[in-house]
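Listing of coords-v3.csv; format and content: CSV, C-alpha atoms.
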```csv
chain,number,residue,atom,x,y,z
U,1,MET,CA,-23.4,-26.8,11.5
U,2,SER,CA,-24.4,-28.3,14.8
U,3,ALA,CA,-25.6,-26.1,17.7
U,4,ILE,CA,-23.2,-24.7,20.2
U,5,LEU,CA,-26.0,-24.4,22.7
U,6,GLU,CA,-29.2,-26.4,22.6
U,7,CYS,CA,-32.2,-26.6,25.0
U,8,ARG,CA,-35.0,-29.1,24.8
U,9,GLY,CA,-37.9,-28.7,27.1
U,10,LEU,CA,-35.7,-26.9,29.5
U,11,THR,CA,-37.5,-26.2,32.8
U,12,LYS,CA,-36.3,-24.7,36.0
U,13,ASN,CA,-38.5,-24.3,39.1
U,14,PHE,CA,-37.5,-22.5,42.3
U,15,GLY,CA,-40.0,-24.0,44.7
U,16,ARG,CA,-43.3,-23.0,43.3
U,17,VAL,CA,-41.9,-20.3,41.0
U,18,CYS,CA,-41.3,-21.4,37.4
U,19,ALA,CA,-38.2,-19.5,36.1
U,20,LEU,CA,-37.9,-21.3,32.8
U,21,ASP,CA,-40.9,-23.1,31.2
U,22,ALA,CA,-40.1,-25.8,28.7
U,23,VAL,CA,-37.7,-23.8,26.6
U,24,ASP,CA,-36.6,-25.1,23.2
U,25,LEU,CA,-33.7,-23.1,21.8
U,26,SER,CA,-30.8,-23.6,19.5
U,27,ILE,CA,-27.8,-21.3,19.0
U,28,GLU,CA,-25.4,-21.8,16.1
U,29,PRO,CA,-21.7,-21.1,16.0
U,30,GLY,CA,-20.5,-17.7,14.8
U,31,ARG,CA,-23.4,-15.7,16.0
U,32,VAL,CA,-23.8,-12.7,18.4
U,33,VAL,CA,-27.1,-13.2,20.2
U,34,GLY,CA,-28.9,-10.8,22.4
U,35,LEU,CA,-30.8,-12.5,25.2
U,36,LEU,CA,-33.4,-9.8,25.9
U,37,GLY,CA,-36.1,-9.6,28.5
U,38,PRO,CA,-37.4,-7.6,31.4
U,39,ASN,CA,-36.1,-8.1,34.9
U,40,GLY,CA,-37.0,-11.5,36.3
U,41,SER,CA,-37.8,-13.0,32.9
U,42,GLY,CA,-35.3,-15.9,33.2
U,43,LYS,CA,-32.2,-14.6,31.4
U,44,THR,CA,-29.7,-15.2,34.3
U,45,THR,CA,-31.3,-18.6,35.1
U,46,LEU,CA,-30.8,-19.7,31.5
U,47,ILE,CA,-27.1,-18.6,31.6
U,48,LYS,CA,-26.5,-20.2,34.9
U,49,LEU,CA,-28.0,-23.5,33.6
U,50,ALA,CA,-25.6,-23.3,30.6
U,51,ASN,CA,-22.7,-22.9,33.0
U,52,GLY,CA,-23.8,-25.8,35.2
U,53,LEU,CA,-24.3,-23.5,38.2
U,54,LEU,CA,-27.9,-24.7,38.3
U,55,THR,CA,-29.4,-28.0,37.3
U,56,PRO,CA,-32.6,-28.3,35.2
U,57,SER,CA,-35.8,-29.4,36.9
U,58,ALA,CA,-36.8,-31.0,33.6
U,59,GLY,CA,-35.6,-31.2,30.0
U,60,GLU,CA,-32.0,-30.8,29.0
U,61,LEU,CA,-29.4,-28.3,27.9
U,62,LEU,CA,-26.4,-29.3,25.8
U,63,ILE,CA,-23.2,-27.4,25.1
U,64,ALA,CA,-21.7,-28.6,21.8
U,65,GLY,CA,-23.7,-31.8,22.3
U,66,GLU,CA,-22.7,-32.4,25.9
U,67,LYS,CA,-24.3,-31.8,29.2
U,68,PRO,CA,-22.6,-29.0,31.3
U,69,GLY,CA,-19.5,-30.3,32.9
U,70,PRO,CA,-15.7,-30.0,32.8
U,71,ALA,CA,-15.7,-30.3,28.9
U,72,SER,CA,-18.3,-27.5,28.5
U,73,LYS,CA,-16.6,-25.3,31.1
U,74,ALA,CA,-13.4,-25.5,29.0
U,75,ILE,CA,-15.2,-23.9,26.0
U,76,ILE,CA,-17.4,-21.4,27.8
U,77,SER,CA,-16.1,-18.1,28.8
U,78,TYR,CA,-18.6,-16.6,31.4
U,79,LEU,CA,-19.0,-13.1,32.6
U,80,PRO,CA,-21.4,-13.2,35.6
U,81,ASP,CA,-23.8,-10.4,36.4
U,82,ARG,CA,-21.8,-9.4,39.5
U,83,ASN,CA,-18.1,-8.9,40.4
U,84,PHE,CA,-16.4,-12.3,40.6
U,85,LEU,CA,-12.9,-11.2,41.7
U,86,PRO,CA,-11.8,-10.6,45.3
U,87,ASP,CA,-10.8,-7.0,46.3
U,88,TRP,CA,-7.3,-7.9,47.3
U,89,MET,CA,-6.4,-9.3,43.8
U,90,SER,CA,-4.0,-7.1,41.7
U,91,ALA,CA,-4.4,-6.8,38.0
U,92,ARG,CA,-1.2,-9.0,37.6
U,93,GLN,CA,-2.7,-11.6,40.0
U,94,MET,CA,-5.9,-11.6,37.9
U,95,LEU,CA,-3.8,-12.5,34.8
U,96,ASP,CA,-2.0,-15.2,36.7
U,97,PHE,CA,-5.4,-16.6,38.0
U,98,PHE,CA,-6.9,-16.8,34.5
U,99,GLU,CA,-3.7,-18.2,33.0
U,100,ASP,CA,-3.7,-21.0,35.7
U,101,PHE,CA,-7.3,-21.8,35.1
U,102,TYR,CA,-7.8,-21.7,31.4
U,103,PRO,CA,-5.4,-23.1,28.8
U,104,ASP,CA,-7.1,-20.9,26.1
U,105,PHE,CA,-6.3,-17.6,28.0
U,106,ARG,CA,-4.2,-15.3,25.9
U,107,ARG,CA,-2.3,-13.3,28.4
U,108,ASP,CA,-0.6,-11.1,25.9
U,109,LYS,CA,-4.0,-10.0,24.6
U,110,ALA,CA,-5.3,-9.2,28.1
U,111,THR,CA,-2.1,-7.3,29.0
U,112,GLU,CA,-2.3,-5.2,25.9
U,113,MET,CA,-6.0,-4.3,26.5
U,114,LEU,CA,-5.4,-3.4,30.2
U,115,GLY,CA,-2.4,-1.3,29.1
U,116,ARG,CA,-4.5,0.5,26.5
U,117,LEU,CA,-7.0,1.5,29.4
U,118,GLY,CA,-4.1,2.6,31.6
U,119,ILE,CA,-4.9,-0.1,34.2
U,120,GLU,CA,-1.6,-0.8,35.9
U,121,GLU,CA,-0.7,-4.3,36.9
U,122,THR,CA,-0.2,-3.4,40.5
U,123,ILE,CA,-3.6,-1.9,41.1
U,124,ARG,CA,-6.0,-4.0,43.2
U,125,PHE,CA,-9.5,-4.9,42.2
U,126,GLY,CA,-10.9,-3.1,45.3
U,127,GLN,CA,-9.2,0.1,44.2
U,128,MET,CA,-10.8,0.2,40.8
U,129,SER,CA,-13.9,2.3,40.0
U,130,LYS,CA,-17.1,0.5,39.1
U,131,GLY,CA,-16.6,1.0,35.4
U,132,THR,CA,-13.0,-0.1,35.5
U,133,LYS,CA,-14.0,-3.3,37.4
U,134,GLU,CA,-16.5,-4.1,34.7
U,135,LYS,CA,-13.9,-3.4,32.0
U,136,ALA,CA,-11.2,-5.4,33.7
U,137,GLN,CA,-13.5,-8.4,34.1
U,138,LEU,CA,-14.7,-8.3,30.5
U,139,ILE,CA,-11.1,-8.1,29.3
U,140,LEU,CA,-10.2,-11.3,31.1
U,141,VAL,CA,-13.3,-13.1,29.9
U,142,MET,CA,-12.8,-11.9,26.2
U,143,SER,CA,-9.1,-12.8,26.2
U,144,ARG,CA,-10.0,-16.5,26.3
U,145,GLU,CA,-10.3,-18.2,22.9
U,146,ALA,CA,-13.5,-19.8,23.9
U,147,GLY,CA,-16.3,-21.4,21.8
U,148,LEU,CA,-19.1,-19.7,23.6
U,149,TYR,CA,-19.1,-16.4,25.5
U,150,LEU,CA,-21.9,-16.0,28.0
U,151,LEU,CA,-22.0,-12.3,29.0
U,152,ASP,CA,-24.6,-11.6,31.7
U,153,GLU,CA,-25.4,-7.8,31.7
U,154,PRO,CA,-22.0,-6.7,30.5
U,155,ILE,CA,-23.2,-3.1,30.0
U,156,GLY,CA,-25.3,-2.6,33.1
U,157,GLY,CA,-24.7,0.7,34.8
U,158,VAL,CA,-21.7,2.0,32.8
U,159,ASP,CA,-21.3,5.3,31.0
U,160,PRO,CA,-21.6,5.5,27.2
U,161,ALA,CA,-17.9,5.7,26.5
U,162,THR,CA,-17.3,2.6,28.6
U,163,ARG,CA,-20.2,0.9,26.8
U,164,ASP,CA,-18.6,1.6,23.5
U,165,PHE,CA,-15.3,0.2,24.8
U,166,ILE,CA,-17.1,-3.0,25.9
U,167,LEU,CA,-18.9,-3.5,22.7
U,168,ASP,CA,-15.7,-2.8,20.7
U,169,THR,CA,-13.9,-5.3,22.9
U,170,ILE,CA,-16.5,-7.9,22.2
U,171,ILE,CA,-16.5,-7.3,18.4
U,172,ARG,CA,-12.7,-7.3,18.1
U,173,ASN,CA,-12.1,-10.3,20.3
U,174,TYR,CA,-14.5,-13.1,19.6
U,175,ASN,CA,-13.3,-15.5,17.1
U,176,PRO,CA,-15.6,-15.9,14.1
U,177,SER,CA,-16.5,-19.5,14.8
U,178,ALA,CA,-17.5,-18.7,18.4
U,179,SER,CA,-20.8,-17.5,19.6
U,180,VAL,CA,-21.5,-14.7,22.0
U,181,VAL,CA,-24.7,-14.5,24.1
U,182,ILE,CA,-25.2,-11.0,25.6
U,183,SER,CA,-28.0,-10.7,28.2
U,184,THR,CA,-29.4,-7.3,28.8
U,185,HIS,CA,-32.4,-5.1,28.9
U,186,LEU,CA,-30.6,-2.1,27.3
U,187,ILE,CA,-31.5,-3.1,23.8
U,188,ALA,CA,-30.8,0.1,21.9
U,189,ASP,CA,-27.3,0.0,23.2
U,190,VAL,CA,-26.4,-3.5,21.8
U,191,GLU,CA,-28.8,-3.8,18.9
U,192,ASN,CA,-26.2,-2.9,16.2
U,193,VAL,CA,-23.7,-5.6,17.2
U,194,LEU,CA,-26.3,-8.4,17.3
U,195,ASP,CA,-27.0,-11.1,14.6
U,196,GLU,CA,-30.1,-12.4,16.3
U,197,VAL,CA,-32.3,-11.7,19.3
U,198,ILE,CA,-34.1,-13.9,21.7
U,199,PHE,CA,-37.0,-12.2,23.6
U,200,ILE,CA,-37.7,-14.0,26.9
U,201,ASN,CA,-40.6,-13.3,29.2
U,202,SER,CA,-41.8,-15.2,32.3
U,203,GLY,CA,-39.6,-18.1,31.4
U,204,ARG,CA,-40.7,-18.5,27.8
U,205,ILE,CA,-39.1,-17.6,24.5
U,206,VAL,CA,-41.5,-15.3,22.8
U,207,VAL,CA,-39.4,-14.2,19.8
U,208,HIS,CA,-36.2,-15.7,18.3
U,209,SER,CA,-35.3,-14.0,15.0
U,210,SER,CA,-32.5,-12.3,13.2
U,211,VAL,CA,-32.2,-8.5,13.7
U,212,ASP,CA,-32.3,-8.0,9.9
U,213,GLU,CA,-35.6,-10.0,9.7
U,214,ILE,CA,-37.2,-7.9,12.4
U,215,ARG,CA,-36.2,-4.7,10.8
U,216,GLU,CA,-37.3,-5.9,7.4
U,217,ALA,CA,-40.6,-7.4,8.5
U,218,GLN,CA,-41.6,-4.8,11.1
U,219,GLY,CA,-39.9,-1.7,9.7
U,220,LYS,CA,-38.7,-0.8,13.1
U,221,SER,CA,-35.8,-1.3,15.4
U,222,VAL,CA,-35.5,-4.3,17.7
U,223,ASP,CA,-35.8,-1.8,20.6
U,224,ALA,CA,-39.1,-0.5,19.3
U,225,TYR,CA,-40.3,-4.0,18.6
U,226,PHE,CA,-39.3,-5.1,22.1
U,227,ARG,CA,-41.4,-2.2,23.6
U,228,GLU,CA,-44.3,-3.4,21.5
U,229,VAL,CA,-44.0,-7.0,22.5
U,230,PHE,CA,-43.6,-6.2,26.2
U,231,LYS,CA,-46.0,-3.4,26.4
U,232,CYS,CA,-47.3,-3.1,30.0
T,1,MET,CA,-18.4,4.3,16.5
T,2,SER,CA,-19.3,7.6,14.9
T,3,GLN,CA,-21.7,6.1,12.3
T,4,THR,CA,-25.4,6.4,13.1
T,5,PHE,CA,-27.9,4.1,11.5
T,6,ARG,CA,-31.6,4.4,10.8
T,7,SER,CA,-33.6,2.2,13.1
T,8,ASP,CA,-36.2,1.1,10.6
T,9,LEU,CA,-33.9,-0.6,7.9
T,10,PRO,CA,-31.5,-3.5,8.2
T,11,ILE,CA,-28.0,-2.3,8.9
T,12,TYR,CA,-26.5,-4.2,6.0
T,13,THR,CA,-28.6,-2.3,3.5
T,14,GLN,CA,-27.5,0.9,5.0
T,15,LEU,CA,-23.8,-0.2,4.8
T,16,ILE,CA,-24.3,-1.0,1.1
T,17,GLU,CA,-25.7,2.5,0.5
T,18,LEU,CA,-22.9,4.1,2.5
T,19,TRP,CA,-20.1,2.3,0.6
T,20,GLN,CA,-21.9,2.8,-2.8
T,21,ARG,CA,-21.9,6.5,-2.1
T,22,ASP,CA,-18.3,6.5,-1.0
T,23,ILE,CA,-17.2,4.6,-4.1
T,24,ALA,CA,-19.4,6.7,-6.5
T,25,SER,CA,-18.1,10.0,-5.0
T,26,GLY,CA,-14.5,8.9,-5.0
T,27,THR,CA,-14.2,9.1,-1.2
T,28,LEU,CA,-13.2,5.5,-1.6
T,29,PRO,CA,-11.0,5.8,-4.8
T,30,PRO,CA,-10.6,3.0,-7.4
T,31,GLY,CA,-8.2,0.4,-6.2
T,32,ALA,CA,-8.3,1.5,-2.6
T,33,ARG,CA,-7.8,-1.3,-0.1
T,34,LEU,CA,-10.6,-1.8,2.5
T,35,PRO,CA,-9.8,-2.5,6.1
T,36,SER,CA,-10.5,-6.0,7.4
T,37,VAL,CA,-14.1,-7.1,8.3
T,38,ARG,CA,-13.3,-7.0,12.0
T,39,ASP,CA,-11.8,-3.5,11.8
T,40,LEU,CA,-14.7,-2.2,9.8
T,41,ALA,CA,-17.1,-3.7,12.3
T,42,ALA,CA,-15.4,-2.3,15.3
T,43,GLU,CA,-15.0,1.1,13.6
T,44,LEU,CA,-18.7,1.3,12.7
T,45,GLY,CA,-19.9,-0.4,15.9
T,46,VAL,CA,-21.7,-3.2,14.1
T,47,ASN,CA,-21.7,-6.9,13.9
T,48,PRO,CA,-18.9,-8.5,11.7
T,49,ASN,CA,-21.5,-10.7,10.0
T,50,THR,CA,-23.4,-7.6,9.0
T,51,VAL,CA,-20.3,-6.1,7.4
T,52,GLN,CA,-19.6,-9.4,5.7
T,53,ARG,CA,-23.0,-9.5,4.3
T,54,ALA,CA,-22.8,-6.0,2.9
T,55,LEU,CA,-19.4,-6.6,1.4
T,56,THR,CA,-20.6,-9.8,-0.3
T,57,GLU,CA,-23.4,-7.8,-1.9
T,58,LEU,CA,-21.0,-5.1,-3.1
T,59,GLU,CA,-18.7,-7.8,-4.5
T,60,ARG,CA,-21.6,-9.4,-6.3
T,61,ALA,CA,-22.4,-6.0,-7.8
T,62,GLY,CA,-18.8,-5.8,-9.0
T,63,LEU,CA,-17.9,-2.7,-6.9
T,64,ILE,CA,-15.3,-4.4,-4.9
T,65,TYR,CA,-13.2,-7.5,-5.4
T,66,THR,CA,-11.2,-9.9,-3.1
T,67,GLN,CA,-7.6,-10.8,-3.7
T,68,ARG,CA,-7.2,-14.0,-1.9
T,69,THR,CA,-4.2,-13.1,0.2
T,70,SER,CA,-4.1,-9.3,0.4
T,71,GLY,CA,-7.7,-8.3,1.1
T,72,ARG,CA,-10.6,-6.4,-0.5
T,73,PHE,CA,-10.2,-3.6,-3.0
T,74,VAL,CA,-12.5,-1.0,-4.7
T,75,THR,CA,-12.9,-1.9,-8.4
T,76,GLU,CA,-10.8,-0.1,-10.9
T,77,ASP,CA,-13.5,-0.6,-13.6
T,78,ALA,CA,-14.6,3.0,-14.3
T,79,ALA,CA,-17.7,1.8,-16.1
T,80,VAL,CA,-18.9,-0.1,-13.1
T,81,ILE,CA,-18.4,2.9,-10.9
T,82,ALA,CA,-20.1,5.2,-13.4
T,83,ARG,CA,-23.1,2.9,-13.4
T,84,CYS,CA,-23.3,2.9,-9.6
T,85,LYS,CA,-23.2,6.7,-9.6
T,86,GLU,CA,-25.9,6.8,-12.2
T,87,ALA,CA,-28.1,4.5,-10.2
T,88,LEU,CA,-27.6,6.5,-7.0
T,89,GLY,CA,-28.4,9.7,-8.9
T,90,GLU,CA,-31.6,8.3,-10.4
T,91,GLY,CA,-32.6,7.2,-6.9
T,92,LEU,CA,-32.1,10.7,-5.5
T,93,ILE,CA,-34.1,12.2,-8.4
T,94,ARG,CA,-37.0,9.7,-7.9
T,95,ASP,CA,-37.1,10.5,-4.2
T,96,PHE,CA,-37.0,14.2,-5.0
T,97,LEU,CA,-39.8,14.0,-7.6
T,98,ALA,CA,-41.9,11.9,-5.2
T,99,ALA,CA,-41.5,14.5,-2.4
T,100,MET,CA,-42.3,17.4,-4.8
T,101,LYS,CA,-45.4,15.6,-6.0
T,102,LEU,CA,-46.6,15.2,-2.4
T,103,LEU,CA,-46.2,19.0,-2.1
T,104,GLY,CA,-48.4,19.4,-5.2
T,105,TYR,CA,-45.8,20.4,-7.8
T,106,GLN,CA,-46.3,19.4,-11.4
T,107,LYS,CA,-43.3,18.3,-13.6
T,108,GLN,CA,-43.4,21.6,-15.5
T,109,ASP,CA,-43.1,23.7,-12.3
T,110,ILE,CA,-40.3,21.5,-11.0
T,111,LEU,CA,-38.4,22.0,-14.3
T,112,SER,CA,-38.7,25.7,-14.2
T,113,LEU,CA,-37.7,25.8,-10.6
T,114,LEU,CA,-34.6,23.8,-11.4
T,115,ARG,CA,-33.8,26.1,-14.3
T,116,GLU,CA,-34.1,29.2,-12.0
T,117,GLU,CA,-31.8,27.5,-9.5
T,118,LYS,CA,-29.2,26.8,-12.2
T,119,GLU,CA,-29.2,30.4,-13.3
T,120,GLU,CA,-28.7,31.7,-9.8
T,121,GLU,CA,-25.8,29.3,-9.4
T,122,SER,CA,-24.1,30.5,-12.6
```
Taking this structure as input, can you express it in the form of structure tokens?
Amino acid sequence: MSAILECRGLTKNFGRVCALDAVDLSIEPGRVVGLLGPNGSGKTTLIKLANGLLTPSAGELLIAGEKPGPASKAIISYLPDRNFLPDWMSARQMLDFFEDFYPDFRRDKATEMLGRLGIEETIRFGQMSKGTKEKAQLILVMSREAGLYLLDEPIGGVDPATRDFILDTIIRNYNPSASVVISTHLIADVENVLDEVIFINSGRIVVHSSVDEIREAQGKSVDAYFREVFKC
Amino acid sequence: MSQTFRSDLPIYTQLIELWQRDIASGTLPPGARLPSVRDLAAELGVNPNTVQRALTELERAGLIYTQRTSGRFVTEDAAVIARCKEALGEGLIRDFLAAMKLLGYQKQDILSLLREEKEEES
């Protein structure tokens, strides 16, 4: 199978700061991948490059064999690390908005999930609590039938019940031929749902392995292994 | 997401053990239909590929079988289930004996302790 996301010598500099340093990486379809690293390690930069929100300083990044552009945006469903909807938008308008933008948006699915959470279609984004905002945005993103889901910090700052809902939503909704990349530093929380992990530090990939391999070879959890690799 | 897993073993091996125990004990009775991979994954809070991997192993061991259109079922072959139960039992005894040995018990002491325990029970 050919890679859904591939980087070759991918480099991104911000002035004199090197955010990504000659990254080689390949992600196959049908995988749930944890992009793990401390703050400032390059996680968000990598995800933004994949979305075409940044352009590489050197090297290249390909989505299903193509450079980021309209074709890649049609198959990527992206959850940014901050709120991306305006406060005035009602839940119904959010559904309209996603339906207008994305042909692969399954409105029935999103409506059903919002209903299950008791989020009424008349409530505005600005009226929602922090946790509800995160859940609503994730529901929209996961209701697309995308080929690649890029989730930047989907569980940052939510309570454990909300975290369970979010992970459950991810497991139930990605289609088995699609890949999901979850960036986070809360490893213990996501470890059980991952196929493989990428450890990134100072713009370099330091580990890329399956979770089973790490547990088998190291005899410890990915979380414990991460603490060992990134020991300060 | 009620299931908790040990952090030092791959999750799929823990799932295999979990389902072996359920089948051997009859919690999952012969012929019972298993939920879909996705539902199992969501229920256990684990990755669907992990569930798939564990089910494939159980299928190879003959404990479950797939019917192309209607899903996965626990085997109705009593001999296979009995063998699985036996293997689990032997494993428990091996672990028990190893732990007792670490405490300094000899086989003879262990046997008499077991006999005493049995008498108390009856």
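Across the structure, CA of Pro35 in chain T and CA of Phe73 in chain T are spaced 9.2 Å apart.
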Give me, please, the distance in Å between CA of Tyr225 in chain U and CA of Val37 in chain T, quoted to one decimal. 28.3 Å
Residues of chain T no more than 6 Å from chain U, counting all atoms listed in the file: send them over as a CSV table (one decimal) with C-alpha atoms, in the frame of the given file.
```
chain,number,residue,atom,x,y,z
T,7,SER,CA,-33.6,2.2,13.1
T,8,ASP,CA,-36.2,1.1,10.6
T,9,LEU,CA,-33.9,-0.6,7.9
T,10,PRO,CA,-31.5,-3.5,8.2
T,42,ALA,CA,-15.4,-2.3,15.3
T,46,VAL,CA,-21.7,-3.2,14.1
T,47,ASN,CA,-21.7,-6.9,13.9
```
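Straight-line separation from CA of Pro38 in chain U to CA of Pro154 in chain U: 15.5 Å.
Restricting the calculation to all atoms listed in the file, the smallest distance between Thr75 in chain T and any of T:Gly89, T:Gly26, T:Gly104, T:Gly31 is found for T:Gly31.
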Asn83 in chain U environment, 9 Å, all atoms listed in the file, sequence neighbours closer than 2 positions dropped, as a list in words: Leu79, Pro80, Asp81, Leu85, Pro86, Lys133, Glu134 and Gln137 of chain U
Every residue with an atom at most 9 Å from (-24.1, -32.2, 21.5) (file coordinates; all atoms listed in the file) is what I'm after, so could you write them as a PyMOL selection string? chain U and resi 2-6+62-67
Find the spatial neighbours of Gln20 in chain T, counting only C-alpha atoms, within a cut-off of 9 Å - ignore same-chain residues fewer than 4 positions away - and output them as a list in words. Leu15, Ile16, Ala24, Ser25, Leu58, Leu63, Ile81, Cys84, Lys85 and Leu88 of chain T
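For the choices T:Leu114, T:Ala32, T:Glu43, T:Glu17, the atom-to-atom distance to Tyr65 in chain T is smallest for T:Ala32 when using all atoms listed in the file.
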Give as a JSON list (two decimals) with C-alpha atoms, in the coordinates of the input every residue, naming chains and numbers as the document does, that has an atom within 9 Å of (-3.2, -10.9, 28.7), counting all atoms listed in the file.
```json
[["chain", "number", "residue", "atom", "x", "y", "z"],
["U", 95, "LEU", "CA", -3.80, -12.50, 34.80],
["U", 99, "GLU", "CA", -3.70, -18.20, 33.00],
["U", 105, "PHE", "CA", -6.30, -17.60, 28.00],
["U", 106, "ARG", "CA", -4.20, -15.30, 25.90],
["U", 107, "ARG", "CA", -2.30, -13.30, 28.40],
["U", 108, "ASP", "CA", -0.60, -11.10, 25.90],
["U", 109, "LYS", "CA", -4.00, -10.00, 24.60],
["U", 110, "ALA", "CA", -5.30, -9.20, 28.10],
["U", 111, "THR", "CA", -2.10, -7.30, 29.00],
["U", 112, "GLU", "CA", -2.30, -5.20, 25.90],
["U", 113, "MET", "CA", -6.00, -4.30, 26.50],
["U", 114, "LEU", "CA", -5.40, -3.40, 30.20],
["U", 139, "ILE", "CA", -11.10, -8.10, 29.30],
["U", 140, "LEU", "CA", -10.20, -11.30, 31.10],
["U", 143, "SER", "CA", -9.10, -12.80, 26.20]]
```
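Every protein, DNA or RNA residue with an atom at most 10 Å from Arg53 in chain T, where all atoms listed in the file count and chain neighbours fewer than 3 positions away do not, is listed here: Ile11, Tyr12, Thr13, Leu15, Ile16, Pro48, Asn49, Thr50, Thr56, Glu57, Leu58 and Glu59 of chain T.
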Polymer residues at most 6 Å from Arg72 in chain T, only C-alpha atoms, same-chain spacing of 2 or more positions, as a PyMOL selection string: chain T and resi 33-34+65-66
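Using only C-alpha atoms, the protein and nucleic acid residues lying no more than 10 Å from Tyr102 in chain U, apart from those fewer than 3 places from it along its own chain, are Lys73, Ala74, Ile75, Ser77, Phe97, Phe98, Glu99, Phe105, Arg106, Arg144, Glu145 and Ala146 of chain U.
When only C-alpha atoms are used to compute distances to Ala54 in chain T, the closest of the residues T:Met100, T:Ala41, T:Ala87, T:Ala78 turns out to be T:Ala41.
Remark: for Val141 in chain U, the closest of the candidate residues U:Tyr78, U:Glu120, U:Gln127, U:Gly156 is U:Tyr78 (distances computed over all atoms listed in the file).
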